[in-house]
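Asks: This is final_7.txt (compact mmCIF, C-alpha atoms (C1' of nucleotides)).
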# COMPACT_ATOMS: atom_id res chain seq x y z
CA MET A 1 106.97 92.42 107.48
CA ARG A 2 103.45 93.29 108.24
CA LEU A 3 100.63 95.08 106.61
CA THR A 4 99.35 96.81 109.69
CA LYS A 5 96.23 98.93 110.08
CA HIS A 6 98.26 102.07 109.73
CA ARG A 7 100.00 100.89 106.64
CA GLN A 8 96.73 99.84 105.13
CA GLU A 9 95.34 103.28 105.72
CA ILE A 10 98.33 104.94 104.16
CA LEU A 11 98.12 102.69 101.13
CA ASP A 12 94.39 103.27 100.85
CA THR A 13 94.88 107.00 100.98
CA LEU A 14 97.37 106.83 98.16
CA ASP A 15 95.17 104.44 96.29
CA LYS A 16 92.16 106.71 96.43
CA SER A 17 94.12 109.79 95.54
CA GLU A 18 94.12 111.07 92.01
CA GLU A 19 97.42 112.77 92.62
CA ALA A 20 100.74 112.01 94.13
CA LEU A 21 100.84 112.90 97.81
CA SER A 22 103.54 114.12 100.11
CA ALA A 23 104.10 112.68 103.56
CA ALA A 24 102.53 115.83 104.95
CA ASN A 25 99.50 115.41 102.69
CA ILE A 26 98.97 111.93 103.98
CA HIS A 27 99.38 113.12 107.51
CA SER A 28 96.62 115.68 107.00
CA ALA A 29 94.36 112.93 105.75
CA LEU A 30 95.34 110.61 108.59
CA PRO A 31 96.17 112.84 111.52
CA HIS A 32 95.94 109.99 114.01
CA ILE A 33 99.03 108.43 112.44
CA ASN A 34 102.30 109.94 113.49
CA LEU A 35 104.18 111.71 110.75
CA VAL A 36 107.27 109.67 111.50
CA THR A 37 105.30 106.50 111.01
CA ILE A 38 104.09 107.82 107.69
CA TYR A 39 107.61 108.50 106.57
CA ARG A 40 108.72 105.07 107.67
CA SER A 41 105.81 103.35 106.03
CA LEU A 42 106.30 105.18 102.78
CA GLU A 43 109.93 104.21 102.73
CA TYR A 44 108.90 100.66 103.44
CA PHE A 45 106.49 100.63 100.51
CA VAL A 46 109.02 102.20 98.20
CA LYS A 47 111.50 99.47 99.03
CA ALA A 48 108.79 96.88 98.51
CA GLY A 49 108.16 98.41 95.12
CA GLU A 50 104.54 99.15 95.85
CA ILE A 51 104.77 102.87 95.54
CA LYS A 52 107.02 105.28 93.79
CA LYS A 53 108.79 108.27 95.20
CA LEU A 54 108.84 111.31 92.96
CA HIS A 55 111.06 114.33 93.20
CA LEU A 56 109.07 116.44 90.87
CA ASP A 57 109.90 119.87 92.09
CA GLY A 58 109.97 121.96 95.14
CA GLN A 59 111.19 120.47 98.35
CA GLU A 60 108.73 117.79 99.32
CA ALA A 61 108.91 114.33 97.86
CA GLN A 62 105.69 112.97 96.47
CA PHE A 63 104.51 109.39 96.64
CA GLU A 64 102.12 107.53 94.45
CA ILE A 65 100.95 104.01 93.86
CA GLN A 66 102.14 102.51 90.63
CA HIS A 67 98.76 101.31 89.37
CA GLU A 68 100.35 101.17 85.99
CA PRO A 69 103.42 102.89 84.70
CA HIS A 70 102.67 106.39 83.63
CA HIS A 71 104.21 109.79 83.17
CA HIS A 72 103.59 113.28 84.44
CA ALA A 73 102.61 116.61 83.05
CA ILE A 74 103.11 119.50 85.42
CA CYS A 75 101.44 122.85 85.06
CA ASN A 76 103.90 125.70 85.28
CA GLU A 77 101.20 127.93 86.69
CA CYS A 78 99.41 125.89 89.30
CA ASN A 79 101.76 122.92 89.70
CA LYS A 80 98.90 120.52 89.08
CA VAL A 81 100.20 117.08 88.17
CA ILE A 82 98.43 115.24 85.38
CA HIS A 83 99.07 111.58 84.65
CA PHE A 84 99.20 110.08 81.22
CA THR A 85 100.36 106.86 79.67
CA VAL A 86 102.14 106.00 76.49
CA ASN A 87 103.50 102.82 75.11
CA ASP A 88 106.80 102.84 76.90
CA THR A 89 108.37 99.91 75.13
CA GLU A 90 107.68 101.53 71.78
CA LEU A 91 108.95 104.84 73.01
CA ILE A 92 112.16 103.44 74.42
CA LYS A 93 113.03 102.13 70.99
CA GLU A 94 113.40 105.69 69.85
CA PHE A 95 116.20 106.22 72.28
CA SER A 96 119.48 104.50 72.27
CA LEU A 97 122.57 105.53 74.09
CA PRO A 98 125.88 103.86 73.49
CA GLY A 99 127.00 102.17 76.66
CA PHE A 100 123.70 102.49 78.41
CA ASP A 101 121.12 99.80 78.84
CA ILE A 102 117.73 101.46 79.22
CA GLU A 103 115.41 99.83 81.69
CA ASN A 104 112.87 102.50 82.18
CA ILE A 105 111.74 105.85 80.87
CA GLU A 106 110.23 108.75 82.74
CA ILE A 107 108.74 111.65 80.91
CA THR A 108 107.82 114.94 82.46
CA LEU A 109 105.98 117.45 80.38
CA ARG A 110 105.78 121.03 81.51
CA GLY A 111 103.30 123.53 80.28
CA ILE A 112 100.03 125.15 81.11
CA CYS A 113 96.85 123.36 82.01
CA ASN A 114 93.50 124.69 80.97
CA GLN A 115 92.40 125.90 84.36
CA LYS A 116 91.88 129.55 85.02
CA HIS A 117 95.11 130.85 86.43
CA SER A 118 94.75 134.26 87.95
CA SER A 119 98.25 135.66 87.69
CA LYS A 120 101.71 134.66 86.71
CA THR A 121 104.18 134.29 89.55
CA MET B 1 125.46 145.17 88.98
CA ARG B 2 124.92 141.64 88.06
CA LEU B 3 127.76 139.40 87.07
CA THR B 4 130.08 139.71 90.02
CA LYS B 5 133.34 137.88 90.60
CA HIS B 6 131.62 135.36 92.78
CA ARG B 7 128.87 134.73 90.31
CA GLN B 8 131.40 134.35 87.54
CA GLU B 9 133.21 131.73 89.55
CA ILE B 10 130.03 129.84 90.24
CA LEU B 11 129.05 129.91 86.60
CA ASP B 12 132.54 128.85 85.57
CA THR B 13 132.45 125.94 87.95
CA LEU B 14 129.17 124.76 86.50
CA ASP B 15 130.45 125.38 83.03
CA LYS B 16 133.53 123.27 83.50
CA SER B 17 131.68 120.48 85.19
CA GLU B 18 130.64 117.44 83.25
CA GLU B 19 127.90 116.77 85.71
CA ALA B 20 125.19 118.64 87.46
CA LEU B 21 126.35 120.01 90.80
CA SER B 22 124.64 120.66 94.08
CA ALA B 23 125.07 123.85 96.04
CA ALA B 24 127.30 121.91 98.42
CA ASN B 25 129.39 120.60 95.53
CA ILE B 26 130.00 124.11 94.33
CA HIS B 27 130.84 125.22 97.80
CA SER B 28 133.50 122.51 98.03
CA ALA B 29 134.98 123.78 94.80
CA LEU B 30 134.76 127.41 95.92
CA PRO B 31 135.11 127.34 99.69
CA HIS B 32 135.87 131.05 99.85
CA ILE B 33 132.32 131.81 98.74
CA ASN B 34 129.71 131.57 101.41
CA LEU B 35 127.21 128.78 100.96
CA VAL B 36 124.36 131.24 101.31
CA THR B 37 125.77 133.29 98.48
CA ILE B 38 125.98 130.18 96.39
CA TYR B 39 122.35 129.39 97.03
CA ARG B 40 121.36 132.93 96.22
CA SER B 41 123.43 133.07 93.08
CA LEU B 42 122.09 129.76 91.84
CA GLU B 43 118.56 130.96 92.39
CA TYR B 44 119.41 134.12 90.56
CA PHE B 45 120.77 132.20 87.58
CA VAL B 46 117.79 129.90 87.53
CA LYS B 47 115.47 132.87 87.36
CA ALA B 48 117.62 134.37 84.65
CA GLY B 49 117.25 131.11 82.74
CA GLU B 50 120.97 130.51 82.60
CA ILE B 51 121.00 127.35 84.58
CA LYS B 52 118.52 124.66 85.36
CA LYS B 53 117.58 123.20 88.70
CA LEU B 54 117.12 119.45 88.74
CA HIS B 55 115.40 117.35 91.32
CA LEU B 56 116.73 114.09 90.10
CA ASP B 57 116.69 112.07 93.23
CA GLY B 58 117.81 112.14 96.77
CA GLN B 59 117.48 115.27 98.78
CA GLU B 60 119.84 117.77 97.22
CA ALA B 61 118.86 119.79 94.20
CA GLN B 62 121.35 119.75 91.35
CA PHE B 63 122.17 122.62 89.06
CA GLU B 64 123.56 122.65 85.58
CA ILE B 65 124.16 125.05 82.78
CA GLN B 66 121.81 124.71 79.86
CA HIS B 67 124.39 124.64 77.11
CA GLU B 68 121.64 123.24 75.01
CA PRO B 69 118.47 121.51 76.05
CA HIS B 70 119.11 117.91 76.82
CA HIS B 71 117.88 114.99 78.83
CA HIS B 72 119.27 112.64 81.41
CA ALA B 73 120.02 108.99 81.71
CA ILE B 74 120.73 107.84 85.22
CA CYS B 75 122.52 104.63 86.06
CA ASN B 76 120.64 102.58 88.61
CA GLU B 77 123.90 101.13 89.84
CA CYS B 78 126.27 104.03 90.14
CA ASN B 79 123.92 107.01 89.80
CA LYS B 80 126.05 108.43 87.04
CA VAL B 81 124.15 111.00 85.03
CA ILE B 82 124.57 110.92 81.28
CA HIS B 83 123.34 113.71 79.04
CA PHE B 84 121.80 113.20 75.66
CA THR B 85 119.84 115.24 73.20
CA VAL B 86 116.94 114.48 70.95
CA ASN B 87 114.82 116.62 68.72
CA ASP B 88 112.42 117.90 71.31
CA THR B 89 110.01 119.61 68.99
CA GLU B 90 109.59 116.43 67.00
CA LEU B 91 109.21 114.41 70.13
CA ILE B 92 106.63 116.67 71.68
CA LYS B 93 104.43 116.10 68.67
CA GLU B 94 104.05 112.52 69.79
CA PHE B 95 102.40 113.64 72.97
CA SER B 96 99.18 115.46 73.25
CA LEU B 97 97.11 115.89 76.33
CA PRO B 98 93.65 117.33 76.23
CA GLY B 99 93.59 120.54 78.19
CA PHE B 100 97.32 120.84 78.51
CA ASP B 101 99.58 123.04 76.48
CA ILE B 102 103.03 121.47 76.39
CA GLU B 103 105.91 123.88 76.58
CA ASN B 104 108.72 121.59 77.42
CA ILE B 105 109.63 117.94 77.74
CA GLU B 106 112.02 116.30 80.15
CA ILE B 107 113.05 112.72 79.72
CA THR B 108 114.81 110.65 82.29
CA LEU B 109 116.03 107.25 81.31
CA ARG B 110 117.00 104.78 83.98
CA GLY B 111 119.12 101.78 83.41
CA ILE B 112 122.62 100.47 83.66
CA CYS B 113 125.68 102.11 82.25
CA ASN B 114 128.56 100.11 80.89
CA GLN B 115 130.97 100.71 83.72
CA LYS B 116 132.10 97.92 85.91
CA HIS B 117 129.81 97.89 88.89
CA SER B 118 131.11 95.80 91.71
CA SER B 119 127.96 94.85 93.57
CA LYS B 120 124.27 95.51 93.52
CA THR B 121 122.95 97.64 96.35
C1' DT C 1 101.13 82.54 127.52
C1' DA C 2 105.96 83.66 126.98
C1' DA C 3 109.38 84.99 123.83
C1' DT C 4 110.63 87.39 119.83
C1' DA C 5 110.48 90.68 116.30
C1' DA C 6 108.62 94.35 114.17
C1' DA C 7 105.75 98.79 114.39
C1' DT C 8 104.73 103.06 116.57
C1' DG C 9 105.18 107.54 118.94
C1' DC C 10 107.73 111.08 121.00
C1' DA C 11 111.56 114.05 121.27
C1' DA C 12 115.52 115.34 119.38
C1' DA C 13 118.92 115.35 115.59
C1' DT C 14 120.18 116.11 110.78
C1' DT C 15 120.20 118.04 106.28
C1' DA C 16 119.02 121.24 102.80
C1' DT C 17 117.60 125.63 102.18
C1' DT C 18 115.98 130.34 103.40
C1' DT C 19 115.71 134.77 105.89
C1' DG C 20 117.04 139.00 108.59
C1' DC C 21 120.16 142.14 109.12
C1' DA C 22 124.48 144.63 109.03
C1' DT C 23 128.31 145.50 106.08
C1' DA C 24 130.71 145.93 101.70
C1' DC C 25 130.81 146.83 96.99
C1' DT C 26 130.08 149.18 92.53
C1' DA C 27 128.03 152.29 89.31
C1' DT C 28 126.18 156.72 88.57
C1' DC C 29 125.53 161.45 89.19
C1' DA C 30 126.27 166.11 90.98
C1' DT D 1 135.94 163.19 93.77
C1' DG D 2 132.45 162.26 96.99
C1' DA D 3 127.73 161.29 98.03
C1' DT D 4 124.01 158.29 96.92
C1' DA D 5 121.60 154.34 95.77
C1' DG D 6 120.99 149.83 94.95
C1' DT D 7 122.61 145.33 94.94
C1' DA D 8 125.77 141.56 96.78
C1' DT D 9 127.74 139.22 100.52
C1' DG D 10 128.50 137.02 105.02
C1' DC D 11 127.08 135.67 109.42
C1' DA D 12 123.86 133.86 112.54
C1' DA D 13 119.65 132.14 113.10
C1' DA D 14 115.28 130.31 111.32
C1' DT D 15 112.59 126.96 108.67
C1' DA D 16 111.20 122.83 106.37
C1' DA D 17 111.64 118.14 105.24
C1' DT D 18 113.26 114.05 106.79
C1' DT D 19 115.69 110.82 109.89
C1' DT D 20 117.24 108.66 114.23
C1' DG D 21 117.32 106.92 119.11
C1' DC D 22 114.87 104.94 122.32
C1' DA D 23 111.08 103.34 125.07
C1' DT D 24 106.58 101.28 124.46
C1' DT D 25 103.08 98.79 122.11
C1' DT D 26 101.46 95.33 119.09
C1' DA D 27 101.57 91.30 116.44
C1' DT D 28 103.52 86.51 115.48
C1' DT D 29 104.81 82.14 116.72
C1' DA D 30 106.35 78.44 119.41
Before anything else, please render the file you have as structure tokens.
Replies:
Amino acid sequence: MRLTKHRQEILDTLDKSEEALSAANIHSALPHINLVTIYRSLEYFVKAGEIKKLHLDGQEAQFEIQHEPHHHAICNECNKVIHFTVNDTELIKEFSLPGFDIENIEITLRGICNQKHSSKT
Amino acid sequence: MRLTKHRQEILDTLDKSEEALSAANIHSALPHINLVTIYRSLEYFVKAGEIKKLHLDGQEAQFEIQHEPHHHAICNECNKVIHFTVNDTELIKEFSLPGFDIENIEITLRGICNQKHSSKT
DNA sequence: TAATAAATGCAAATTATTTGCATACTATCA
DNA sequence: TGATAGTATGCAAATAATTTGCATTTATTA
């Protein structure tokens, strides 16, 4: 398995990005790389555990580097995705399900961010 | 002219189901209803706030009735989805993001459920 | 350098979902 | 009751996101 130029670029793009990116987003940033290659590379990184695939909403999957585990807050108006962290291990203690061994917690907050939103949709 | 026979059936199917269902799932249960109608009805119910659309994983969206707000635990082995409830209002108090007004919280736990899983994938 | 294996691009296929349009239904009103 | 209006439905086709097949290129290693 190789870390080729293309894959480096894709990883760099995700690394530099504040937000999670879709395959199409990455393709806009790196138009010289074929979209198919981007899909394949992303899948490759997901399997390698280097990035995470999110199905936040809508139809496109989003990808992001797991710099450190974190959660998401999504604005109901503008769909902006904000990252935040909490102490997951502490938090998990508050949950316990009979017959379920919790390995990981994902929190998604929904609400309104403080940007000017023109109109409700 | 809102709650038609077809829509009743779709709602009933979701109501009876233990799990969240995809449009295709519902269509299998109600093959006499056109898939397009199912999509349209689901969208209609989502807008009406009667059901919730989930993008848990994979490519298909899942729909479920919001009997009461709850969260999901997903088994990493068998993808079974377990529902659980917590006191959301209490929980939300533990989170606060500058510049973000939280309206809702969604928690997804991942882990292993206590069913016999034959082999890791 | 030759041999091997993986990576890439292109075109086409697949899957999930949506749209356009004609028809059918249902409630209301004259 | 019959006309009218507005929505619901089905069918076919369109779209969007993603995947696959296959030929070609590139990298890796003996």
Asks: How many Å separate atom CA of B:Ala48 from atom CA of A:His71?
Replies: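 A separation of 28.0 Å between them.
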Asks: So, counting all atoms listed in the file, which residue among B:Leu56, B:Ile102, B:Val36, B:Leu3 is closest to B:Asn79?
Replies: B:Leu56
Asks: Determine, counting all atoms listed in the file, which protein, DNA and RNA residues have an atom within 9 Å of an atom of stretch 93-99 of chain B; residues of the same chain fewer than 4 positions away are not included. Present the result as a ChimeraX atom specification.
Replies: /A:73,84,86,112-115 /B:88-89
Asks: Please report as a tab-separated table every residue of chain B lying within 6 Å of chain A, along with the nearest atom pair and their distance in Å (one decimal), using only C-alpha atoms.
Replies:
residue	atom	partner	partner_atom	distance
B:His55	CA	A:His55	CA	5.6
B:Gly99	CA	A:Asn114	CA	5.0
B:Phe100	CA	A:Cys113	CA	4.3
B:Asp101	CA	A:Ile112	CA	5.1
B:Ile102	CA	A:Gly111	CA	4.4
B:Glu103	CA	A:Gly111	CA	4.5
B:Asn104	CA	A:Arg110	CA	5.1
B:Ile105	CA	A:Leu109	CA	4.5
B:Glu106	CA	A:Thr108	CA	5.0
B:Ile107	CA	A:Ile107	CA	4.6
B:Thr108	CA	A:Glu106	CA	5.0
B:Leu109	CA	A:Ile105	CA	4.5
B:Arg110	CA	A:Asn104	CA	5.0
B:Gly111	CA	A:Ile102	CA	4.4
B:Ile112	CA	A:Asp101	CA	5.1
B:Cys113	CA	A:Phe100	CA	4.3
B:Asn114	CA	A:Gly99	CA	5.0
Asks: Identify all chain C residues at most 8 Å from chain A by counting all atoms listed in the file; ligands do not count. Present them as an MDAnalysis selection string.
Replies: chainID C and resid 6 8:9
Asks: Against chain B, which residues of chain D fall within 10 Å? For each one I want the closest pair of atoms and the distance in Å (one decimal), counting all atoms listed in the file, rows by chain and increasing residue number, as a tab-separated table.
Replies:
residue	atom	partner	partner_atom	distance
D:DG6	C1'	B:Met1	CA	8.8
D:DT7	C1'	B:Met1	CA	6.6
D:DA8	C1'	B:Thr4	CA	8.2
D:DT9	C1'	B:Thr37	CA	6.6
D:DG10	C1'	B:Asn34	CA	6.6
D:DC11	C1'	B:Asn34	CA	9.4
D:DA17	C1'	B:Gln59	CA	9.2
D:DT18	C1'	B:Gln59	CA	9.1
Asks: Can you write out the residues you just picked, keeping C-alpha atoms (C1' of nucleotides), as a PDB file, in the coordinates of the input?
Replies:
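Full text of again38.pdb as output:
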ATOM      1  C1'  DG D   6     120.990 149.830  94.950  1.00  0.00           C
ATOM      2  C1'  DT D   7     122.610 145.330  94.940  1.00  0.00           C
ATOM      3  C1'  DA D   8     125.770 141.560  96.780  1.00  0.00           C
ATOM      4  C1'  DT D   9     127.740 139.220 100.520  1.00  0.00           C
ATOM      5  C1'  DG D  10     128.500 137.020 105.020  1.00  0.00           C
ATOM      6  C1'  DC D  11     127.080 135.670 109.420  1.00  0.00           C
ATOM      7  C1'  DA D  17     111.640 118.140 105.240  1.00  0.00           C
ATOM      8  C1'  DT D  18     113.260 114.050 106.790  1.00  0.00           C
TER       9       DT D  18
END
Asks: Can you tell me how far atom CA of A:Leu21 sits from atom CA of A:Lys47, in Å to one decimal?
Replies: 17.2 Å
Asks: Identify the residues within 12 Å of coordinate (129.4, 123.6, 97.7) (same frame as the file), considering all atoms listed in the file, and give the answer as a list in words.
Replies: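 Residues close enough to count: Ile10, Thr13, Leu14, Leu21, Ser22, Ala23, Ala24, Asn25, Ile26, His27, Ser28, Ala29, Leu30, Pro31, His32, Ile33, Asn34, Leu35, Val36, Thr37, Ile38, Tyr39, Leu42, Glu60, Ala61, Gln62 and Phe63 of chain B; DA16 of chain C.
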Asks: Around stretch 60-79 of chain B, with edges along x, y and z and 5 Å added on all six sides, what centre and edge lengths do you get, in Å to one decimal, as lines of an AutoDock Vina configuration file?
Replies:
center_x = 122.1
center_y = 113.1
center_z = 86.1
size_x = 18.4
size_y = 33.9
size_z = 32.2
Asks: With a distance cut-off of 9 Å and only C-alpha atoms (C1' of nucleotides), select the neighbouring residues of B:His67, excluding the residue or stretch itself and same-chain residues fewer than 5 positions from it, and output the selection as a VMD selection string.
Replies: chain B and resid 15 50 to 51
Asks: Convert the current residue selection to file output with C-alpha atoms, as a JSON list (two decimals), in the coordinates of the input.
Replies:
[["chain", "number", "residue", "atom", "x", "y", "z"],
["B", 15, "ASP", "CA", 130.45, 125.38, 83.03],
["B", 50, "GLU", "CA", 120.97, 130.51, 82.60],
["B", 51, "ILE", "CA", 121.00, 127.35, 84.58]]
Asks: What is the distance between atom CA of B:Gln8 and atom CA of B:His70, in Å to one decimal?
Replies: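 Between these atoms lies a distance of 23.2 Å.
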